[in-house]
file model-v4.tsv (TSV, C-alpha atoms and all ligand atoms)
chain	number	residue	atom	x	y	z
A	8	MET	CA	0.00	0.00	0.00
A	9	ALA	CA	2.50	2.61	1.16
A	10	THR	CA	5.16	3.51	-1.35
A	11	THR	CA	8.50	4.91	-0.28
A	12	PRO	CA	10.13	7.40	-2.60
A	13	GLN	CA	12.73	5.79	-4.80
A	14	LYS	CA	14.73	8.96	-4.95
A	15	PRO	CA	15.55	11.46	-2.19
A	16	SER	CA	14.02	14.92	-2.50
A	17	LEU	CA	16.39	17.88	-2.74
A	18	ILE	CA	13.86	20.14	-1.01
A	19	GLY	CA	14.71	20.60	2.66
A	20	MET	CA	18.34	19.48	2.35
A	21	SER	CA	20.73	21.81	4.15
A	22	MET	CA	23.91	22.85	2.31
A	23	PRO	CA	26.07	20.23	4.12
A	24	GLU	CA	23.48	17.51	3.42
A	25	LEU	CA	23.32	18.50	-0.22
A	26	SER	CA	27.13	18.48	-0.54
A	27	THR	CA	27.18	14.96	0.89
A	28	ALA	CA	24.40	13.83	-1.44
A	29	LEU	CA	26.41	15.18	-4.37
A	30	ASP	CA	29.63	13.38	-3.31
A	31	PRO	CA	29.42	10.72	-6.06
A	32	TRP	CA	29.71	13.44	-8.72
A	33	THR	CA	32.92	15.01	-7.34
A	34	LEU	CA	31.73	18.46	-8.35
A	35	PRO	CA	33.36	21.79	-7.53
A	36	SER	CA	31.82	23.08	-4.27
A	37	TYR	CA	29.97	25.97	-5.93
A	38	ARG	CA	27.71	23.46	-7.68
A	39	ALA	CA	26.03	22.51	-4.39
A	40	GLU	CA	25.31	26.19	-3.76
A	41	GLN	CA	23.88	26.62	-7.25
A	42	ILE	CA	21.63	23.59	-6.86
A	43	TYR	CA	20.50	24.63	-3.36
A	44	LYS	CA	19.47	27.98	-4.81
A	45	TRP	CA	17.61	26.50	-7.78
A	46	VAL	CA	15.64	24.30	-5.42
A	47	HIS	CA	14.89	26.70	-2.58
A	48	HIS	CA	15.26	30.20	-3.97
A	49	HIS	CA	14.13	29.90	-7.59
A	50	GLN	CA	11.97	26.89	-6.75
A	51	VAL	CA	12.23	25.30	-10.19
A	52	SER	CA	9.99	22.33	-10.79
A	53	ASP	CA	12.20	20.80	-13.45
A	54	PHE	CA	15.94	19.99	-13.42
A	55	ALA	CA	16.08	21.17	-17.04
A	56	ASP	CA	15.52	24.73	-15.78
A	57	MET	CA	18.79	24.75	-13.77
A	58	SER	CA	20.35	26.72	-16.57
A	59	ASN	CA	23.83	27.30	-15.13
A	60	LEU	CA	24.49	23.55	-14.76
A	61	PRO	CA	25.94	21.40	-17.55
A	62	LYS	CA	23.18	19.56	-19.42
A	63	THR	CA	24.54	16.11	-18.57
A	64	LEU	CA	24.59	16.98	-14.87
A	65	ARG	CA	20.97	18.17	-15.04
A	66	SER	CA	19.83	14.89	-16.50
A	67	GLU	CA	21.94	12.84	-14.05
A	68	LEU	CA	20.46	14.78	-11.14
A	69	SER	CA	16.95	14.19	-12.42
A	70	GLU	CA	17.61	10.46	-12.37
A	71	ALA	CA	18.96	10.56	-8.83
A	72	PHE	CA	16.71	13.05	-7.05
A	73	GLU	CA	13.14	14.30	-6.75
A	74	LEU	CA	11.99	17.91	-6.75
A	75	HIS	CA	8.50	17.19	-5.42
A	76	THR	CA	7.05	14.84	-2.87
A	77	LEU	CA	3.66	16.44	-2.05
A	78	LYS	CA	0.80	15.43	-4.32
A	79	PRO	CA	-2.19	17.79	-4.32
A	80	ALA	CA	-5.19	15.77	-3.13
A	81	PHE	CA	-7.77	18.51	-2.53
A	82	ARG	CA	-8.02	22.30	-2.66
A	83	ALA	CA	-10.85	24.50	-1.33
A	84	VAL	CA	-11.15	28.26	-1.77
A	85	SER	CA	-13.05	30.27	0.85
A	86	LYS	CA	-15.15	33.31	-0.02
A	87	ASP	CA	-12.58	35.38	1.90
A	88	GLY	CA	-9.75	34.13	-0.33
A	89	THR	CA	-8.33	31.65	2.16
A	90	ILE	CA	-7.25	28.43	0.44
A	91	LYS	CA	-7.02	25.07	2.17
A	92	TYR	CA	-4.76	22.44	0.65
A	93	LEU	CA	-4.72	18.74	1.35
A	94	TRP	CA	-1.48	17.03	0.32
A	95	GLU	CA	-0.76	13.36	-0.09
A	96	LEU	CA	2.70	12.35	1.11
A	97	THR	CA	4.75	9.58	-0.52
A	98	ASP	CA	3.53	7.07	2.07
A	99	GLY	CA	-0.10	7.87	1.27
A	100	ARG	CA	-0.65	9.85	4.47
A	101	GLN	CA	-2.16	13.31	4.27
A	102	ILE	CA	-1.55	16.75	5.73
A	103	GLU	CA	-3.03	20.20	5.29
A	104	SER	CA	-1.75	23.74	4.73
A	105	VAL	CA	-3.76	26.96	4.67
A	106	PHE	CA	-3.03	30.08	2.60
A	107	ILE	CA	-4.34	33.32	4.11
A	108	PRO	CA	-4.10	36.44	1.91
A	109	GLU	CA	-4.40	39.85	3.58
A	110	ALA	CA	-3.95	43.42	2.38
A	111	THR	CA	-0.39	43.80	3.63
A	112	ARG	CA	0.84	40.23	3.93
A	113	THR	CA	0.33	36.67	2.75
A	114	THR	CA	0.46	34.06	5.45
A	115	ILE	CA	0.75	30.32	5.19
A	116	CYS	CA	-0.17	28.02	8.05
A	117	ILE	CA	1.77	24.77	7.73
A	118	SER	CA	1.81	21.35	9.39
A	119	SER	CA	4.78	19.86	11.24
A	120	GLN	CA	3.47	16.33	11.89
A	121	VAL	CA	0.84	13.98	10.50
A	122	GLY	CA	-1.77	14.09	13.25
A	123	CYS	CA	-0.81	15.02	16.80
A	124	ALA	CA	-0.03	13.17	20.02
A	125	LEU	CA	-1.11	15.84	22.49
A	126	GLY	CA	-4.83	15.22	22.76
A	127	CYS	CA	-6.01	18.77	23.56
A	128	ASP	CA	-9.74	18.28	24.24
A	129	PHE	CA	-10.96	20.98	21.87
A	130	CYS	CA	-8.72	20.33	18.85
A	131	ALA	CA	-9.82	18.40	15.76
A	132	THR	CA	-6.29	17.34	14.79
A	133	ALA	CA	-5.94	15.62	18.17
A	134	LYS	CA	-8.67	13.20	17.11
A	135	MET	CA	-6.37	11.80	14.41
A	136	GLY	CA	-3.80	10.67	16.94
A	137	PHE	CA	-0.11	10.85	16.06
A	138	LEU	CA	1.00	9.21	12.82
A	139	ARG	CA	4.50	10.53	12.10
A	140	ASN	CA	6.87	13.48	11.98
A	141	LEU	CA	7.23	15.41	8.75
A	142	THR	CA	10.68	15.67	7.19
A	143	ALA	CA	12.30	19.10	6.80
A	144	GLY	CA	11.60	18.73	3.07
A	145	GLU	CA	7.89	18.09	3.59
A	146	ILE	CA	7.69	21.17	5.82
A	147	VAL	CA	9.52	23.46	3.36
A	148	GLU	CA	7.70	22.04	0.34
A	149	GLN	CA	4.30	23.18	1.69
A	150	VAL	CA	5.49	26.77	1.34
A	151	ILE	CA	7.05	26.24	-2.09
A	152	ARG	CA	3.97	24.54	-3.52
A	153	VAL	CA	1.54	27.15	-2.23
A	154	GLN	CA	3.75	29.94	-3.55
A	155	GLN	CA	3.80	28.22	-6.96
A	156	ASP	CA	0.06	27.59	-6.92
A	157	THR	CA	-0.99	31.12	-5.93
A	158	GLY	CA	1.79	32.97	-7.73
A	159	GLN	CA	2.16	35.08	-4.60
A	160	LYS	CA	5.23	35.54	-2.45
A	161	ILE	CA	4.61	34.24	1.06
A	162	THR	CA	5.62	36.86	3.64
A	163	ASN	CA	4.58	35.12	6.88
A	164	VAL	CA	4.74	31.49	7.99
A	165	VAL	CA	3.01	30.08	11.04
A	166	LEU	CA	3.59	26.54	12.27
A	167	MET	CA	0.02	26.29	13.48
A	168	GLY	CA	-1.27	23.53	11.23
A	169	MET	CA	-1.33	19.89	12.22
A	170	GLY	CA	1.08	18.65	14.85
A	171	GLU	CA	3.34	19.91	17.61
A	172	PRO	CA	6.44	21.57	16.11
A	173	PHE	CA	8.49	21.16	19.31
A	174	LEU	CA	7.98	17.39	19.26
A	175	ASN	CA	9.64	17.43	15.81
A	176	TYR	CA	12.28	19.94	16.85
A	177	PRO	CA	15.37	19.27	14.67
A	178	ARG	CA	13.41	18.98	11.42
A	179	VAL	CA	11.27	22.03	12.16
A	180	ILE	CA	14.33	24.13	12.98
A	181	GLN	CA	16.16	22.96	9.85
A	182	ALA	CA	13.10	23.78	7.73
A	183	CYS	CA	12.78	27.26	9.29
A	184	HIS	CA	16.45	28.01	8.57
A	185	ILE	CA	15.91	27.16	4.90
A	186	LEU	CA	12.75	29.31	4.87
A	187	CYS	CA	14.63	32.36	6.17
A	188	ASP	CA	17.93	31.78	4.35
A	189	PRO	CA	18.51	34.58	1.79
A	190	ALA	CA	19.71	31.86	-0.62
A	191	GLY	CA	16.64	29.82	0.33
A	192	LEU	CA	13.08	31.13	0.49
A	193	ALA	CA	14.28	34.43	1.99
A	194	ILE	CA	11.34	34.91	4.36
A	195	SER	CA	12.14	37.18	7.31
A	196	ALA	CA	12.93	35.02	10.36
A	197	LYS	CA	10.77	37.21	12.60
A	198	LYS	CA	7.82	36.50	10.34
A	199	ILE	CA	8.15	32.77	10.89
A	200	THR	CA	6.24	31.80	14.04
A	201	ILE	CA	6.54	28.46	15.79
A	202	SER	CA	3.54	27.68	17.98
A	203	THR	CA	3.98	25.20	20.82
A	204	VAL	CA	1.58	23.61	23.25
A	205	GLY	CA	4.27	24.16	25.90
A	206	VAL	CA	7.00	21.53	25.59
A	207	VAL	CA	9.12	23.13	28.30
A	208	PRO	CA	12.58	21.61	27.60
A	209	ARG	CA	12.32	22.62	23.94
A	210	ILE	CA	11.26	26.19	24.85
A	211	ARG	CA	14.42	26.42	26.96
A	212	GLN	CA	16.55	24.93	24.17
A	213	TYR	CA	15.02	27.33	21.64
A	214	ALA	CA	15.83	30.24	23.96
A	215	ASP	CA	19.38	29.05	24.65
A	216	GLU	CA	20.07	28.55	20.95
A	217	GLU	CA	18.76	32.08	20.33
A	218	GLN	CA	16.73	30.90	17.37
A	219	PRO	CA	15.75	33.94	15.30
A	220	PHE	CA	12.13	32.88	14.71
A	221	SER	CA	9.11	34.09	16.66
A	222	LEU	CA	7.55	31.99	19.41
A	223	ALA	CA	3.90	31.46	20.28
A	224	ILE	CA	2.66	29.46	23.24
A	225	SER	CA	-0.82	27.91	23.41
A	226	LEU	CA	-1.81	28.86	26.93
A	227	HIS	CA	-5.62	28.56	26.89
A	228	ALA	CA	-6.02	28.75	30.69
A	229	PRO	CA	-4.66	30.98	33.47
A	230	THR	CA	-4.51	28.30	36.17
A	231	GLN	CA	-2.91	24.87	36.34
A	232	GLU	CA	-6.17	23.23	37.34
A	233	LEU	CA	-8.14	24.58	34.40
A	234	ARG	CA	-5.30	24.05	31.97
A	235	ARG	CA	-4.82	20.40	32.82
A	236	SER	CA	-8.57	19.82	32.49
A	237	ILE	CA	-8.41	20.68	28.76
A	238	MET	CA	-4.74	20.06	27.85
A	239	PRO	CA	-3.14	16.77	28.94
A	240	ILE	CA	0.37	18.22	28.36
A	241	ALA	CA	-0.10	20.25	31.57
A	242	ASP	CA	0.21	17.02	33.59
A	243	LYS	CA	3.74	16.66	32.32
A	244	PHE	CA	4.79	20.31	32.24
A	245	ASP	CA	2.70	22.33	34.66
A	246	LEU	CA	1.82	26.00	34.37
A	247	GLN	CA	4.59	27.08	36.73
A	248	MET	CA	7.24	25.26	34.67
A	249	LEU	CA	5.76	26.71	31.49
A	250	MET	CA	5.80	30.27	32.82
A	251	ASP	CA	9.37	29.82	34.10
A	252	SER	CA	10.47	28.75	30.63
A	253	ALA	CA	8.62	31.74	29.12
A	254	HIS	CA	10.47	34.11	31.48
A	255	HIS	CA	13.72	32.37	30.54
A	256	TYR	CA	12.97	33.07	26.87
A	257	THR	CA	11.92	36.71	27.22
A	258	GLY	CA	14.72	37.44	29.66
A	259	GLY	CA	17.41	36.09	27.34
A	260	SER	CA	19.96	38.26	25.65
A	261	ASN	CA	17.80	38.81	22.57
A	262	ARG	CA	14.88	39.99	24.79
A	263	ARG	CA	12.19	38.53	22.61
A	264	ARG	CA	8.46	38.86	23.05
A	265	ILE	CA	6.19	35.81	23.23
A	266	THR	CA	2.71	35.60	21.74
A	267	PHE	CA	0.35	33.73	24.02
A	268	GLU	CA	-2.60	32.12	22.29
A	269	TYR	CA	-5.81	31.74	24.26
A	270	VAL	CA	-8.71	29.92	22.65
A	271	LEU	CA	-12.00	31.21	24.07
A	272	LEU	CA	-14.29	28.32	25.00
A	273	LYS	CA	-17.78	29.23	26.16
A	274	GLY	CA	-18.37	28.49	29.82
A	275	VAL	CA	-14.90	26.94	30.18
A	276	ASN	CA	-12.31	29.73	30.24
A	277	ASP	CA	-14.17	32.87	29.11
A	278	SER	CA	-15.30	34.55	32.37
A	279	PRO	CA	-13.96	37.86	33.73
A	280	THR	CA	-12.37	35.86	36.57
A	281	GLU	CA	-10.14	34.07	34.10
A	282	ALA	CA	-9.42	37.35	32.30
A	283	LYS	CA	-8.20	38.86	35.59
A	284	GLN	CA	-6.09	35.80	36.37
A	285	LEU	CA	-4.62	35.98	32.88
A	286	LEU	CA	-3.78	39.65	33.34
A	287	LYS	CA	-1.91	38.90	36.54
A	288	LEU	CA	-0.07	35.94	35.03
A	289	LEU	CA	1.12	37.74	31.90
A	290	ALA	CA	1.69	41.27	33.18
A	291	PRO	CA	5.35	40.70	34.16
A	292	LEU	CA	6.26	39.26	30.75
A	293	ARG	CA	7.25	40.80	27.43
A	294	CYS	CA	4.34	39.38	25.51
A	295	LYS	CA	1.27	39.74	23.35
A	296	LEU	CA	-2.02	38.01	23.95
A	297	ASN	CA	-3.94	36.62	20.99
A	298	LEU	CA	-7.49	35.56	21.80
A	299	ILE	CA	-8.92	32.96	19.43
A	300	PRO	CA	-12.71	32.60	19.60
A	301	TYR	CA	-13.26	28.87	19.27
A	302	ASN	CA	-13.91	27.55	15.77
A	303	ASP	CA	-16.60	24.95	15.69
A	304	THR	CA	-15.44	21.38	15.14
A	305	GLY	CA	-18.46	19.48	16.41
A	306	ILE	CA	-16.51	17.98	19.31
A	307	GLY	CA	-18.43	19.53	22.18
A	308	PHE	CA	-17.00	23.02	22.68
A	309	ILE	CA	-18.74	26.27	21.79
A	310	ARG	CA	-17.52	29.72	20.78
A	311	PRO	CA	-18.59	32.44	23.23
A	312	GLU	CA	-21.02	35.08	21.91
A	313	ASP	CA	-19.61	38.49	21.02
A	314	ASN	CA	-20.87	40.10	24.26
A	315	ASN	CA	-19.03	37.42	26.27
A	316	ILE	CA	-15.86	38.14	24.34
A	317	GLN	CA	-16.31	41.85	25.13
A	318	ARG	CA	-16.87	40.98	28.80
A	319	PHE	CA	-13.60	39.00	28.78
A	320	LEU	CA	-11.75	41.89	27.14
A	321	LYS	CA	-12.87	44.43	29.74
A	322	PRO	CA	-10.39	43.57	32.56
A	323	LEU	CA	-7.67	43.29	29.90
A	324	GLU	CA	-8.09	46.94	28.90
A	325	GLN	CA	-5.53	47.86	31.54
A	326	ALA	CA	-3.04	45.21	30.39
A	327	PRO	CA	0.55	46.37	29.86
A	328	PHE	CA	0.71	44.05	26.83
A	329	THR	CA	-1.11	44.11	23.48
A	330	VAL	CA	-4.31	42.10	23.27
A	331	THR	CA	-5.73	41.05	19.90
A	332	VAL	CA	-8.72	38.95	18.89
A	333	ARG	CA	-7.95	36.66	15.98
A	334	LYS	CA	-9.98	37.24	12.86
A	335	ASN	CA	-11.88	34.28	11.67
A	336	ARG	CA	-10.65	33.15	8.27
A	337	GLY	CA	-11.66	30.29	6.04
A	338	ASN	CA	-14.41	29.07	8.35
A	339	ASP	CA	-16.67	28.11	5.44
A	340	ILE	CA	-14.07	25.60	4.20
A	341	ALA	CA	-13.13	24.31	7.68
A	342	ALA	CA	-9.67	25.85	7.29
A	343	ALA	CA	-9.69	27.84	10.52
A	344	CYS	CA	-7.54	27.20	13.57
A	345	GLY	CA	-8.02	23.77	15.04
A	346	GLN	CA	-10.26	22.57	12.23
A	347	LEU	CA	-7.58	20.68	10.36
A	348	PHE	CA	-8.44	17.03	10.38
A	349	VAL	CA	-7.91	14.22	7.90
A	350	GLU	CA	-9.91	11.08	8.33
A	351	VAL	CA	-7.55	8.15	8.69
A	352	ALA	CA	-8.77	4.93	7.17
A	353	GLU	CA	-7.18	1.48	6.94
A	354	ASP	CA	-6.89	1.80	3.21
A	355	SER	CA	-5.07	4.91	2.07
A	356	LYS	CA	-7.38	5.17	-0.93
A	357	ALA	CA	-10.32	5.56	1.40
A	358	ARG	CA	-8.81	8.55	3.15
A	359	SER	CA	-10.89	11.59	2.66
A	360	MET	CA	-11.07	15.04	4.06
A	361	LYS	CA	-13.80	15.77	6.52
A	362	ALA	CA	-15.16	19.13	5.49
B	1	LIG	N1	0.60	22.12	18.62
B	1	LIG	C1	0.83	23.52	18.42
B	1	LIG	C2	0.41	23.96	17.06
B	1	LIG	C3	-1.10	23.96	16.85
B	1	LIG	S1	-1.46	25.59	16.53
B	1	LIG	C4	0.17	24.32	19.53
B	1	LIG	O1	-0.54	23.70	20.33
B	1	LIG	O2	0.41	25.51	19.65
B	1	LIG	C5	-3.09	25.75	16.48
B	1	LIG	C6	-3.64	26.69	17.53
B	1	LIG	O3	-5.07	26.63	17.42
B	1	LIG	C7	-3.31	26.24	18.95
B	1	LIG	O4	-3.23	27.34	19.81
B	1	LIG	C8	-4.53	25.41	19.28
B	1	LIG	O5	-4.69	25.20	20.63
B	1	LIG	C9	-5.62	26.24	18.66
B	1	LIG	N2	-6.86	25.52	18.40
B	1	LIG	C10	-7.06	24.20	18.35
B	1	LIG	N3	-8.34	23.92	18.06
B	1	LIG	C11	-8.97	25.11	17.90
B	1	LIG	C12	-10.29	25.49	17.55
B	1	LIG	N4	-11.20	24.59	17.25
B	1	LIG	N5	-10.56	26.80	17.48
B	1	LIG	C13	-9.62	27.73	17.70
B	1	LIG	N6	-8.35	27.43	18.01
B	1	LIG	C14	-8.03	26.13	18.11
call {"tool": "encode", "arguments": {"input": "model-v4.tsv", "output": "structure tokens", "more": "lines below"}}
Ligand code: SAH
result
Amino acid sequence: MATTPQKPSLIGMSMPELSTALDPWTLPSYRAEQIYKWVHHHQVSDFADMSNLPKTLRSELSEAFELHTLKPAFRAVSKDGTIKYLWELTDGRQIESVFIPEATRTTICISSQVGCALGCDFCATAKMGFLRNLTAGEIVEQVIRVQQDTGQKITNVVLMGMGEPFLNYPRVIQACHILCDPAGLAISAKKITISTVGVVPRIRQYADEEQPFSLAISLHAPTQELRRSIMPIADKFDLQMLMDSAHHYTGGSNRRRITFEYVLLKGVNDSPTEAKQLLKLLAPLRCKLNLIPYNDTGIGFIRPEDNNIQRFLKPLEQAPFTVTVRKNRGNDIAAACGQLFVEVAEDSKARSMKA
């Protein structure tokens, strides 16, 4: 059933990996740089287009390597211009990416894993369970393919699709470095945001390595008790540990800001009491707060009404940090936050997207 690629993909290979892969050809070192650029910067879809390489080399490379591994399986366009893509991987598994055009920027939301192991109560992807990590190539290729399909330069990348990026740390970091590399996709590192559920040791590692990308943390509750009732990860890394790691990050030498995401769930975490607790918790930190009114997934949680959202915002008016409410995009095609879900069937042919 599952087919493994016969040939390795050049997308997602770092320069050292590419040089090693090219060893059998004993080429001058500048060839690896040229090829890296054709793949990641010019994003050619055919080896024949690598015009500064000798013709024989182009055809030898095409026999040895792939330039694509994601097969488009489904594409839905929302009335607001948001596009949801379903990709089939070489093993028949499927992932999603979402393209979000806005007046001043074009954002892509990409996946880092097939499914997710974390089991957050309110999240549709959690219902898939964890299937596997994506390779760096599969992560980078989502951006390349959407850029090719839309003909638009992607300015912002958020790792807020399927999966937990910090449970696939090395591949996610490698992919992000290729995305921001001027010889790669040349997307500003600050405009690449990694969103984590709160894998504390990786937040500390990310801080210590001074990674140049932005960081978002899915907080969703201001107390340990409430948080662990909706997010099983809080049993392993409690709120205190999470906040300590956040302080470690913002207090580091690069003095970065964190974006905290807070999904508003009616009757669960949307009262003024929680808003006040949140204010107290976040006030000492360099941060932003992004409230995400829950997107319906049919799994038992409800979005608060607008007046409840206003009631929650009231105590936050005096916050020393910026508070935003996330705009709802692509809801009509189930492309909004937390709605990404691919039905997993025994037979890969029977896999379909639940719209
Ligand atoms: N695992 C990472 C990446 C997922 S990002 C993380 O947890 O941060 C997706 C964001 O959308 C997370 O903040 C997630 O908690 C939130 N989310 C999940 N389901 C949602 C839903 N139905 N409506 C709104 N936000 C949701």
call {"tool": "residues_around", "arguments": {"input": "model-v4.tsv", "residues": "A:Val270", "least_positions_apart": "3", "cutoff": "7 Å", "atoms": "only C-alpha atoms", "output": "short mmCIF file (atom, residue, chain, number, x, y, z; two decimals) with C-alpha atoms, in the frame of the given file"}}
result
data_model
loop_
_atom_site.label_atom_id
_atom_site.label_comp_id
_atom_site.auth_asym_id
_atom_site.auth_seq_id
_atom_site.Cartn_x
_atom_site.Cartn_y
_atom_site.Cartn_z
CA HIS A 227 -5.62 28.56 26.89
CA LEU A 298 -7.49 35.56 21.80
CA ILE A 299 -8.92 32.96 19.43
CA PRO A 300 -12.71 32.60 19.60
CA TYR A 301 -13.26 28.87 19.27
#
call {"tool": "residues_near_ligand", "arguments": {"input": "model-v4.tsv", "ligand": "ligand LIG 1 (chain B)", "cutoff": "8 Å", "atoms": "all atoms listed in the file", "output": "VMD selection string"}}
result
chain A and resid 123 125 127 129 to 132 166 to 173 201 to 205 223 to 227 268 to 271 299 to 304 343 to 346
call {"tool": "write_last_selection", "arguments": {"input": "model-v4.tsv", "atoms": "C-alpha atoms", "output": "compact mmCIF listing (two decimals), in the coordinates of the input"}}
result
# COMPACT_ATOMS: atom_id res chain seq x y z
CA CYS A 123 -0.81 15.02 16.80
CA LEU A 125 -1.11 15.84 22.49
CA CYS A 127 -6.01 18.77 23.56
CA PHE A 129 -10.96 20.98 21.87
CA CYS A 130 -8.72 20.33 18.85
CA ALA A 131 -9.82 18.40 15.76
CA THR A 132 -6.29 17.34 14.79
CA LEU A 166 3.59 26.54 12.27
CA MET A 167 0.02 26.29 13.48
CA GLY A 168 -1.27 23.53 11.23
CA MET A 169 -1.33 19.89 12.22
CA GLY A 170 1.08 18.65 14.85
CA GLU A 171 3.34 19.91 17.61
CA PRO A 172 6.44 21.57 16.11
CA PHE A 173 8.49 21.16 19.31
CA ILE A 201 6.54 28.46 15.79
CA SER A 202 3.54 27.68 17.98
CA THR A 203 3.98 25.20 20.82
CA VAL A 204 1.58 23.61 23.25
CA GLY A 205 4.27 24.16 25.90
CA ALA A 223 3.90 31.46 20.28
CA ILE A 224 2.66 29.46 23.24
CA SER A 225 -0.82 27.91 23.41
CA LEU A 226 -1.81 28.86 26.93
CA HIS A 227 -5.62 28.56 26.89
CA GLU A 268 -2.60 32.12 22.29
CA TYR A 269 -5.81 31.74 24.26
CA VAL A 270 -8.71 29.92 22.65
CA LEU A 271 -12.00 31.21 24.07
CA ILE A 299 -8.92 32.96 19.43
CA PRO A 300 -12.71 32.60 19.60
CA TYR A 301 -13.26 28.87 19.27
CA ASN A 302 -13.91 27.55 15.77
CA ASP A 303 -16.60 24.95 15.69
CA THR A 304 -15.44 21.38 15.14
CA ALA A 343 -9.69 27.84 10.52
CA CYS A 344 -7.54 27.20 13.57
CA GLY A 345 -8.02 23.77 15.04
CA GLN A 346 -10.26 22.57 12.23
call {"tool": "residues_around", "arguments": {"input": "model-v4.tsv", "residues": "A:Glu24", "least_positions_apart": "3", "cutoff": "12 Å", "atoms": "all atoms listed in the file", "output": "JSON, numbers by chain"}}
result
{"A": [15, 16, 17, 18, 19, 20, 21, 27, 28, 29, 30, 39, 40, 43, 143, 144, 181]}
call {"tool": "atom_distance", "arguments": {"input": "model-v4.tsv", "atom1": "atom CA of A:Ala80", "atom2": "atom CA of A:Phe348"}}
result
14.0 Å
call {"tool": "closest_residue", "arguments": {"input": "model-v4.tsv", "among": "A:Lys134, A:Lys44, A:Arg112, A:Lys334", "to": "A:Ile185", "atoms": "only C-alpha atoms"}}
result
A:Lys44
call {"tool": "residues_around", "arguments": {"input": "model-v4.tsv", "residues": "A:Thr113", "least_positions_apart": "6", "cutoff": "6 Å", "atoms": "all atoms listed in the file", "output": "ChimeraX atom specification"}}
result
/A:107,161-162
call {"tool": "atom_distance", "arguments": {"input": "model-v4.tsv", "atom1": "atom CA of A:Glu95", "atom2": "atom CA of A:Asn175"}}
result
19.4 Å
call {"tool": "atom_distance", "arguments": {"input": "model-v4.tsv", "atom1": "atom CA of A:Asn335", "atom2": "atom CA of A:Met135"}}
result
23.3 Å
call {"tool": "closest_residue", "arguments": {"input": "model-v4.tsv", "among": "A:Val275, A:Leu285, A:Val206, A:Leu25", "to": "A:Lys243", "atoms": "all atoms listed in the file"}}
result
A:Val206
call {"tool": "residues_around", "arguments": {"input": "model-v4.tsv", "residues": "A:Leu64", "least_positions_apart": "5", "cutoff": "12 Å", "atoms": "all atoms listed in the file", "output": "list in words"}}
result
Leu29, Pro31, Trp32, Thr33, Leu34, Arg38, Ala39, Ile42, Phe54, Ala55, Asp56, Met57, Ser58, Asn59, Ser69, Glu70, Ala71 and Phe72 of chain A
call {"tool": "residues_around", "arguments": {"input": "model-v4.tsv", "residues": "stretch 336-338 of chain A", "least_positions_apart": "4", "cutoff": "6 Å", "atoms": "all atoms listed in the file", "output": "PyMOL selection string"}}
result
chain A and resi 85+89+342-343
call {"tool": "closest_residue", "arguments": {"input": "model-v4.tsv", "among": "A:Ile115, A:Val349, A:Ala341, A:Leu77", "to": "A:Thr97", "atoms": "all atoms listed in the file"}}
result
A:Leu77
call {"tool": "closest_residue", "arguments": {"input": "model-v4.tsv", "among": "A:Trp45, A:Phe106, A:Phe328, A:Tyr176", "to": "A:Arg65", "atoms": "only C-alpha atoms"}}
result
A:Trp45
call {"tool": "closest_residue", "arguments": {"input": "model-v4.tsv", "among": "A:Pro219, A:Ile316, A:Leu233, A:Thr280", "to": "A:Arg264", "atoms": "all atoms listed in the file"}}
result
A:Pro219
call {"tool": "closest_residue", "arguments": {"input": "model-v4.tsv", "among": "A:Ile306, A:Ala228, A:Val121, A:Cys294", "to": "A:Leu96", "atoms": "all atoms listed in the file"}}
result
A:Val121
call {"tool": "build_atoms", "arguments": {"input": "model-v4.tsv", "residues": "stretch 305-314 of chain A", "atoms": "N, CA and C atoms", "output": "mmCIF file, in the coordinates of the input"}}
result
data_model
loop_
_atom_site.group_PDB
_atom_site.id
_atom_site.type_symbol
_atom_site.label_atom_id
_atom_site.label_comp_id
_atom_site.auth_asym_id
_atom_site.auth_seq_id
_atom_site.Cartn_x
_atom_site.Cartn_y
_atom_site.Cartn_z
ATOM 1 N N GLY A 305 -17.483 20.533 16.093
ATOM 2 C CA GLY A 305 -18.460 19.480 16.410
ATOM 3 C C GLY A 305 -17.952 18.501 17.451
ATOM 4 N N ILE A 306 -16.998 18.912 18.300
ATOM 5 C CA ILE A 306 -16.510 17.980 19.310
ATOM 6 C C ILE A 306 -16.839 18.450 20.724
ATOM 7 N N GLY A 307 -17.907 19.254 20.836
ATOM 8 C CA GLY A 307 -18.430 19.530 22.180
ATOM 9 C C GLY A 307 -18.088 20.872 22.794
ATOM 10 N N PHE A 308 -17.274 21.683 22.134
ATOM 11 C CA PHE A 308 -17.000 23.020 22.680
ATOM 12 C C PHE A 308 -17.723 24.071 21.846
ATOM 13 N N ILE A 309 -17.968 25.223 22.467
ATOM 14 C CA ILE A 309 -18.740 26.270 21.790
ATOM 15 C C ILE A 309 -17.993 27.602 21.866
ATOM 16 N N ARG A 310 -18.097 28.374 20.796
ATOM 17 C CA ARG A 310 -17.520 29.720 20.780
ATOM 18 C C ARG A 310 -18.396 30.656 21.616
ATOM 19 N N PRO A 311 -17.780 31.495 22.467
ATOM 20 C CA PRO A 311 -18.590 32.440 23.230
ATOM 21 C C PRO A 311 -19.228 33.475 22.300
ATOM 22 N N GLU A 312 -20.385 34.019 22.698
ATOM 23 C CA GLU A 312 -21.020 35.080 21.910
ATOM 24 C C GLU A 312 -20.174 36.344 22.019
ATOM 25 N N ASP A 313 -20.404 37.266 21.065
ATOM 26 C CA ASP A 313 -19.610 38.490 21.020
ATOM 27 C C ASP A 313 -19.636 39.266 22.343
ATOM 28 N N ASN A 314 -20.821 39.327 23.008
ATOM 29 C CA ASN A 314 -20.870 40.100 24.260
ATOM 30 C C ASN A 314 -20.031 39.441 25.354
#
